[in-house]
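Undergrad: My structure is below; once you've seen it, I'll send some questions.
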Amino acid sequence: MRRLYLITRDLHLYCGLFLSPFVLVFSVSVFYLVHGFAQRPAPGASDTSRTVVILGLPPDIVRLQGRARVDALRPVLEQLDVQGEVDFVRHVASEHRLIVPVRLPGHDTIVSVDYDNRTATVTSRHQSLGDALVYLHKMPGPHNVDVRGNSRIIGLWRVLADATVYLLLFITLSGIYLWTALRAERRIGLVLILAGAVTFWGLVYVIAA
Amino acid sequence: MSSQLDDVIASERRERSTGDVFLVWNRRLHYFLGLYLLFFCWLFVFTGLLLNHSRWQFAQYWPNRAQITTEHEFQVPEAAPDIERARDLMRQFGIAGEIQWPAPQPAGAALAFQVNRPGQVIEVKADLASGRATLQRNDLNAWGIMQALHTFTGVRAADTRNARDWTLTSVWALSMDAVAAGLIVMVFSSYIMWYRLKAKRRGGIVALLLGCISCGAFVAGLRWLI
């Protein structure tokens, strides 16, 4: 029993320390999200822009949809030296253009592909640290599921975000186990769990009922 | 001489006891906060996982919603800003929640808005000329309620048309702030507790560095690479 306690305590400590920067990222970004602080101006005319001739644009790029279109555009983006997660692809048929926003935490790029003339205009902008935190908080998220995780960066972040969840569940459960070993703190701990439960369920009841 | 020595000892005792009290309360604060915020943490952690895996079949809620459409007559509100008219209509229909405005409507169109609360989305379309309204009510299952609670803030960055207008949204937003602040305090209190454990310092530094490097690479590292 003592051995289990010591192992749990060490795992709680080391997992918690590893996890702490992720918890800080998710917690600090909450303030931005809850109060709508992270204003993210889209790259505009004033930002650095360049026009490049595209080699090897897939001929059926317009007919492709969803993930297949994003995957077909990936070599083009690599040729343009644009890295990051493709948010979505918008086809402006009247202008013979594909608008491709590509994002990294704290950096936005908009690639406008003129598929008739085989040129691309690349406009990019650095965003604030707050925007980077918010972006990571929301990724991969429930939207555009078909295309989400199309870059290695967000693919890896998805793994880390999941790991954060599982480790946090472990941290809470191991924390409860460690608290039960503190006999002197059991009563106050029970009161706090009960108070937390009443607050939580009370709020959920009045908001959702 | 003796008096000076007494003063030094007393001062050291005071410092030691103040430091000890701080350490005791730092430790207590760590698990008091952890125990109080337990259910909130479980909600946000678990729904975060669900939001990142929206293809998981068991947690689908939108296709499984119960939808009811009803027609109502109402007393046409007096000329007032749209928000006041919407509130008047909600009072008449007996509904409550956070008002969400769609994209601006052309002049003369029906007054259309959504009333949201976790687990329920009501779309209101009110014809102010005829005094008739259509209410489309979508009731979500428990998975829908949980996921909505994760994102229920009433505001979105760069959305100037919508503002938080329901008291309970503000209360929930405040509780989200409190959970986030509580977690930040828990992180820093854990650093203090760990630093006091000399035998665990080396292992702790390795764990913390691994976390900082892997997380920092995403937060700040990527922008330096570009």
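Following the order of the structure tokens, chains are lettered A, B, ..., residues in each are numbered from 1, and ligands are numbered from 1.
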Could you list, as a PyMOL selection string, every residue of chain B that has an atom within 8 Å of an atom of chain A, counting only C-alpha atoms?

TA: chain B and resi 31-32+34-40+42+45-46+48-49+51-55+117-120+145+153+155-158+168-169+172-173+176-177+180-181+183-184+187+190-191+194+203-204+207-212+215-216+218-220+222-223

Undergrad: A:Ile61, A:Val86, A:Val76, A:Met1: which is nearest Arg152 of chain A, counting only C-alpha atoms?

TA: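 Comparing A:Ile61, A:Val86, A:Val76, A:Met1 against Arg152 of chain A, the winner is A:Val86.
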
Undergrad: To test your reading of the structure, identify every residue in segment 28-218 of chain B that backbone DSSP assigns to alpha helix (DSSP H), and report it as an MDAnalysis selection string.

TA: chainID B and resid 28:36 38:52 82:93 142:151 167:196 201:216

Undergrad: Skip Pro75 of chain A itself and residues of its chain fewer than 4 positions away, then list as a list in words all residues within 10 Å of it, counting only C-alpha atoms.

TA: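 Counting only C-alpha atoms, the residues come to Leu55, Gly56, Leu57, Pro58, Val70, Asp71, Gln79, Leu80, Asp81 and Val82 of chain A.
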
Undergrad: Mind dumping the selected residues with C-alpha atoms as a PDB file, in the first residue's frame?

TA:
```
ATOM      1  CA  LEU A  55       4.781  24.858 -61.168  1.00  0.00           C
ATOM      2  CA  GLY A  56       2.845  21.633 -61.199  1.00  0.00           C
ATOM      3  CA  LEU A  57      -0.628  22.752 -60.184  1.00  0.00           C
ATOM      4  CA  PRO A  58      -2.831  19.638 -60.384  1.00  0.00           C
ATOM      5  CA  VAL A  70      -6.175  20.190 -49.490  1.00  0.00           C
ATOM      6  CA  ASP A  71      -3.827  17.255 -50.076  1.00  0.00           C
ATOM      7  CA  GLN A  79       6.729  25.140 -53.421  1.00  0.00           C
ATOM      8  CA  LEU A  80       5.581  28.551 -52.138  1.00  0.00           C
ATOM      9  CA  ASP A  81       7.361  27.844 -48.838  1.00  0.00           C
ATOM     10  CA  VAL A  82       4.101  28.247 -46.933  1.00  0.00           C
TER      11      VAL A  82
END
```

Undergrad: Would you mind listing what lies within 9 Å of Gly154 of chain B as a list in words, with only C-alpha atoms counted and same-chain residues fewer than 3 positions away left out?

TA: Val34 and His35 of chain A; Glu98, Ile99, Gln100, Asn116, Thr151, Asn162, Ala163, Arg164, Asp165, Trp166, Thr169, Ser170 and Ala173 of chain B

Undergrad: Please determine, counting only C-alpha atoms, which residue among B:Lys198, B:Met90, B:Gly182, B:Arg161 has the shortest atom-to-atom distance to Pro102 of chain B.

TA: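 Closest to Pro102 of chain B, using only C-alpha atoms: B:Arg161.
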
Undergrad: Under the rule that only C-alpha atoms are counted, which of A:Asp108, A:Arg90, A:Leu4, A:Ile54 is the nearest residue to Gly66 of chain A?

TA: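 With only C-alpha atoms as the atom set, the closest residue is A:Arg90.
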
Undergrad: Which of segment 11-57 of chain A counts as strand (DSSP E) under DSSP, as a list in words please?

TA: Thr48, Ser49, Arg50, Thr51, Val52 and Val53 of chain A
